[in-house]
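For reference, the structure discussed in these notes is given below.
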There are 2 protein chains.
Amino acid sequence: MQYMPVTDSMFLIGETRDQPMHVGGLQLFVPREGQSPEELAEEMAEKFHVPTGDVSKLFLKRPATPAQIAGYAAWSYDDDIDFDYHVRRTVLPRPGAVRDLLRYVSLNHGNLLDRRRPMWEAHIVEGLADGRVAVYTKAHHSVIDGVSALRLLQRMLSTDPDDRSGTAAWDARPARARAKSKPKPERKGLLGTLTSAVGQVAEIADQVVGLGPAAAKIAIAGLTDKDYIAPLHQAPSTILNVPIGSARRFAAQDWPLERLRAVGKAQGMTLNDVMVAMCSGALRTYLSDQDALPDESLIAVMPVSLHSDGDATGNAITAISVRLATDQADAADRVASITASTKAAKAAVRGLRPLQALALGAAIAWPLAFTTIPGFVEYTPTGFNLMISSVPGPEETLYWNGARLDGCYPVSIPVEGLALNITITTVSGKANFGITGARAELPSLQRLLDHLDTALEDLEALPPKA
Amino acid sequence: MQYMPVTDSMFLIGETRDQPMHVGGLQLFVPREGQSPEELAEEMAEKFHVPTGDVSKLFLKRPATPAQIAGYAAWSYDDDIDFDYHVRRTVLPRPGAVRDLLRYVSLNHGNLLDRRRPMWEAHIVEGLADGRVAVYTKAHHSVIDGVSALRLLQRMLSTDPDDRSGTAAWDARPARARAKSKPKPERKGLLGTLTSAVGQVAEIADQVVGLGPAAAKIAIAGLTDKDYIAPLHQAPSTILNVPIGSARRFAAQDWPLERLRAVGKAQGMTLNDVMVAMCSGALRTYLSDQDALPDESLIAVMPVSLHSDGDATGNAITAISVRLATDQADAADRVASITASTKAAKAAVRGLRPLQALALGAAIAWPLAFTTIPGFVEYTPTGFNLMISSVPGPEETLYWNGARLDGCYPVSIPVEGLALNITITTVSGKANFGITGARAELPSLQRLLDHLDTALEDLEALPPKA
């Protein structure tokens with residue numbers, strides 16, 4: 001048994017059947033030259049069945065007391081993994097379109113994980129008409145956060161297409177081998193670009209937003225600090241801010257980073273600003289189509305690092321709230337408004353001590369602490385409308401035993417009152433958008449993908465700034 | 001809104017993440033001459049998408065207040081069905097063995113249904129190497145019980161292989177058409193052999209066993225009646241009677257009814273006795289293999305009709321408890337013991353007034369009323385070890401648009417303290433055994449199928465009685 005910190009247990013306590021607290025990821029792989037999709041799936045299934053004793057501890061971990069009523073004071077560790085349960089295989093029905101894959105992920109992401117066993121699953125999915133093979137992974141947020149999950153997954157991958165040492169993320173053998181060959185400096189190579197600072201930003205902000213007493217406590221600490229800057233805004237009521245059921249809808253697509261960077265250069269925006277502007281345009285169209293666009297702008301919360309140049313060592317981590325300017329019809333006006341909003345938000349928090357910055361992030365997100373109280377969501381004004389996170393990964397092309405990683409989409413957690421989550425990973429030259437929403441509450445969610453595409457085109461069509 | 005009786009709401013109240021309260025069914029179909037499995041699956045997918053307005057009310061029903069804390073006072077009805085969510089399609093991975101299908105059902109049967117929409121799902125499964133197409137259906141026990149589900153399913157089927165009017169169980173149009181063509185007597189034909197009395201037996205006994213305050217109340221009523229016959233036995237502790245996780249394992253197989261009937265004739269047993277004897281032999285072997293066979297016999301509860309010849313009109317319904325004679329090594333001894341036990345149990349309840357019989361059934365099952373109290377299962381002696389139900393269906397060969405029904409297996413509900421459930425349907429000349437168990441608690445559950453086969457062979461090898 002091992003003591004469970006509140007930052008873990010809050011995700012167990014905050015979980016309900018309508019609000020599963022697991023994060024997910026969807027990866028797409030192109031089989032290597034001469035390899036059929038079936039052979040790649042077979043190879044994965046084989047490598048994913050790691051021998052007993054070689055599974056890393058993280059993947060053997062489960063709550064010592066599964067019943068909610070008994071609390072979650074400790075972790076325990078299983079000796080073995082029932083791979084028939086944890087590693088699943090499926091084939092998509094014809095036509096095997098990407099849409100069919102997204103539907104598979106949607107339907108599975110709403111299912112709770114069993115608490116009486118290590119809380120993770122990996123699904124190997126065949127049957128895509130384009131010949132790619134997908135891996136959908138799912139793990140409880142109390143065990144792992146999205147950023148660490150991405151990092152673990154990348155540990156399986158290589159920049160060398162001829163490397164055949166790829167195994168499972170839960171295989172302890174490669175890490176053991178690395179530990180033995182120390183004391184040479186820790187191999188940072190592949191993960192170099194995933195700066196630990198930026199990783200932690202999303203990680204901790206995500207935990208703060210993860211509701212529960214811990215977030216409330218941090219928020220209160222913030223309120224008693226004289227340097228505290230109050231988040232003054234109040235977000236409009238929208239169809240994104242409603243109680244939700246357990247059913248999910250997942251949509252994902254990627255765009256070349258160079259297109260986003262070109263827009264950023266032309267408009268004097270950061271890469272993050274461009275992503276926000278895409279979301280802004282897309283959400284405006286999506287809500288308009290449903291006659292649900294509020295008069296006031298939507299407000300998004302984004303986890304950001306205060307040290308954007310990778311020089312961070314401490315907890316210089318916060319969340320900023322950004323006006324998405326969805327109330328403005330003109331793309332150029334939205335760009336100006338978003339750029340001003342993110343700049344102001346960053347300026348406001350710059351110079352704060354780490355705890356203050358963290359408290360500010362928590363204060364912004366405080367309403368989430370109460371989402372599991374029935375009725376709270378309906379009767380309480382919201383501080384923001386959705387969360388948009390950006391998680392940077394490695395720029396290089398990555399391979400798993402020669403199969404090229406062709407997409408790496410986060411599948412995140414909508415909660416009561418926040419029916420939509422947009423998370424973006426930048427991996428191998430692509431911005432991969434993962435959109436996770438409550439199914440019944442957000443119809444036709446997949447149209448956001450078309451709207452994002454249109455929004456990017458609109459940004460590209462703007463005259464460059466001097 | 002519609003008032004929700006306690007017999008419905010107890011299944012919502014009694015549900016936990018480890019104890020989902022839905023029943024399921026697995027049907028296998030052989031495509032008609034010249035039809036490929038893909039074509040049959042396609043035809044099903046098409047017919048299962050019933051137009052808005054033509055879905056029967058039962059399948060539009062959901063709790064008006066999904067949050068557990070607010071209670072379940074009423075049902076409400078949705079206007080429409082999100083068929084992309086409720087009707088799912090999948091293809092099994094190679095080799096497409098029956099084992100792969102059972103695994104699919106196992107993994108899906110542990111997932112809770114979304115309470116914010118009508119609580120049912122249908123999965124069309126392709127990819128079986130033998131060319132059959134499977135349909136796995138799942139519905140909440142508060143909405144429908146196993147027997148009614150089987151009856152509804154049969155409503156889609158026809159005894160005529162050339163009938164092409166097959167549609168979905170939730171299609172209201174055929175029922176409407178039948179209602180219009182009244183006043184001719186209600187078409188009983190297909191369902192004639194599923195006598196309503198026997199149907200109700202399993203139905204109500206199943207509800208009594210379904211735990212919750214209602215069962216306790218009935219049990220107390222029974223205790224205050226002077227004619228009450230106390231169930232005196234106490235079942236041994238076994239690995240079947242433990243707290244359970246949400247993960248499930250499902251195993252299913254069928255045997256020709258004529259084999260079971262021949263054994264019954266030779267040994268002077270009823271068909272039910274033969275099924276019980278098969279379960280007895282199989283459980284003895286299964287528990288022995290795991291060094292978990294108790295010295296005393298296992299005790300099973302079975303729902304039975306007091307009017308076994310189909311002449312029942314009232315609530316002549318009860319559950320009997322049967323000593324499975326698992327403590328006896330010899331098959332002949334087990335046969336003698338089981339026959340005596342079921343005869344005595346039936347004699348004891350024969351002549352009781354309906355309520356008394358019902359109370360007896362409830363008293364036998366009373367410990368189930370407390371299974372959701374943490375710790376109860378570990379510290380309380382059990383009245384019985386498992387439930388074995390037999391649900392008779394039509395004898396004739398059945399078709400869905402020419403595709404022959406080749407198996408019809410119930411997927412039932414293990415609960416806290418009752419990790420194993422065996423339900424048997426007799427349809428089209430076969431005894432279809434559906435075995436549903438808690439996954440982590442009952443390893444190698446599928447071996448029970450081999451053991452059932454061996455047990456039947458052992459029974460067939462016995463010298464016939466005079």
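We name chains A, B, ... following the order of the structure tokens; residues begin at 1 in each chain, and ligands are numbered from 1 as shown.
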
Inset, instruction - Show me which bits of chain B are within 8 Å of chain A, counting only C-alpha atoms, as a count of residues only. - result: 20

Legend entry - Neighbour list for Tyr77 (chain B) as JSON, numbers by chain, cut-off 7 Å, only C-alpha atoms, skip fewer than 4 positions in-chain: {"B": [60, 61, 62]}

Residue subset to file, keeping all heavy atoms, as a PDB file, in the first residue's frame:
```
ATOM      1  N   LEU B  60     -38.033   4.498 -25.658  1.00  0.00           N
ATOM      2  CA  LEU B  60     -37.832   5.954 -25.593  1.00  0.00           C
ATOM      3  C   LEU B  60     -37.782   6.426 -24.139  1.00  0.00           C
ATOM      4  O   LEU B  60     -37.568   7.591 -23.847  1.00  0.00           O
ATOM      5  CB  LEU B  60     -38.983   6.681 -26.301  1.00  0.00           C
ATOM      6  CG  LEU B  60     -39.092   6.482 -27.810  1.00  0.00           C
ATOM      7  CD1 LEU B  60     -40.406   7.040 -28.326  1.00  0.00           C
ATOM      8  CD2 LEU B  60     -37.916   7.140 -28.526  1.00  0.00           C
ATOM      9  N   LYS B  61     -37.983   5.460 -23.244  1.00  0.00           N
ATOM     10  CA  LYS B  61     -38.158   5.703 -21.817  1.00  0.00           C
ATOM     11  C   LYS B  61     -36.816   5.908 -21.119  1.00  0.00           C
ATOM     12  O   LYS B  61     -35.875   5.159 -21.357  1.00  0.00           O
ATOM     13  CB  LYS B  61     -38.813   4.410 -21.299  1.00  0.00           C
ATOM     14  CG  LYS B  61     -39.460   4.431 -19.996  1.00  0.00           C
ATOM     15  CD  LYS B  61     -40.223   3.088 -19.856  1.00  0.00           C
ATOM     16  CE  LYS B  61     -40.540   2.758 -18.431  1.00  0.00           C
ATOM     17  NZ  LYS B  61     -41.297   1.514 -18.303  1.00  0.00           N
ATOM     18  N   ARG B  62     -36.746   6.915 -20.261  1.00  0.00           N
ATOM     19  CA  ARG B  62     -35.547   7.086 -19.434  1.00  0.00           C
ATOM     20  C   ARG B  62     -35.937   7.737 -18.113  1.00  0.00           C
ATOM     21  O   ARG B  62     -36.987   8.368 -18.010  1.00  0.00           O
ATOM     22  CB  ARG B  62     -34.502   7.902 -20.158  1.00  0.00           C
ATOM     23  CG  ARG B  62     -34.929   9.308 -20.488  1.00  0.00           C
ATOM     24  CD  ARG B  62     -33.752  10.120 -20.991  1.00  0.00           C
ATOM     25  NE  ARG B  62     -34.176  11.455 -21.323  1.00  0.00           N
ATOM     26  CZ  ARG B  62     -34.341  12.432 -20.436  1.00  0.00           C
ATOM     27  NH1 ARG B  62     -34.119  12.208 -19.162  1.00  0.00           N
ATOM     28  NH2 ARG B  62     -34.734  13.630 -20.811  1.00  0.00           N
TER      29      ARG B  62
END
```

Inset, instruction - Pick out the closest residue to Arg284 (chain A) from this set: A:Ala332, A:Val322, A:Leu452, A:Ala175. Count only C-alpha atoms. - result: A:Leu452

Legend entry - Non-local contacts of Glu460 (chain A) (8 Å; only C-alpha atoms; under 3 positions in same chain excluded) as a ChimeraX atom specification: /A:263,456-457

For the residues in that selection, give me N, CA and C atoms as a PDB file, in the first residue's frame.
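Listing of out00.pdb after writing:
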```
ATOM      1  N   VAL A 263       0.531  31.819 -40.479  1.00  0.00           N
ATOM      2  CA  VAL A 263      -0.496  32.770 -40.035  1.00  0.00           C
ATOM      3  C   VAL A 263       0.033  33.602 -38.868  1.00  0.00           C
ATOM      4  N   LEU A 456      -9.169  28.422 -40.258  1.00  0.00           N
ATOM      5  CA  LEU A 456      -7.755  28.551 -40.632  1.00  0.00           C
ATOM      6  C   LEU A 456      -7.635  29.222 -41.997  1.00  0.00           C
ATOM      7  N   GLU A 457      -8.492  28.816 -42.943  1.00  0.00           N
ATOM      8  CA  GLU A 457      -8.468  29.449 -44.268  1.00  0.00           C
ATOM      9  C   GLU A 457      -8.761  30.947 -44.177  1.00  0.00           C
TER      10      GLU A 457
END
```

Inset, instruction - Please provide the set of residues having any atom within 7 Å of Leu298 (chain B), restricted to only C-alpha atoms, with same-chain residues fewer than 5 positions apart removed, written as an NGL selection string. - result: :B and (235-236 or 323-326 or 385)

Inset, instruction - Could you check how far CA of Gly281 (chain A) sits from CA of Leu405 (chain A), in Å to one decimal? - result: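 Separation between CA of Gly281 (chain A) and CA of Leu405 (chain A): 28.8 Å.
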
Inset, instruction - Would you please work out which residue, of B:Asn401, B:Arg447, B:Glu258, B:Leu459, is nearest to Arg334 (chain B) when using only C-alpha atoms? - result: B:Leu459

Inset, instruction - Tell me, as an MDAnalysis selection string, which residues lie within 8 Å of region 135-143 of chain B, counting only C-alpha atoms; anything in the same chain fewer than 5 positions away does not count. - result: chainID B and resid 7:12 21:28 58 61 105 109 113 119:125
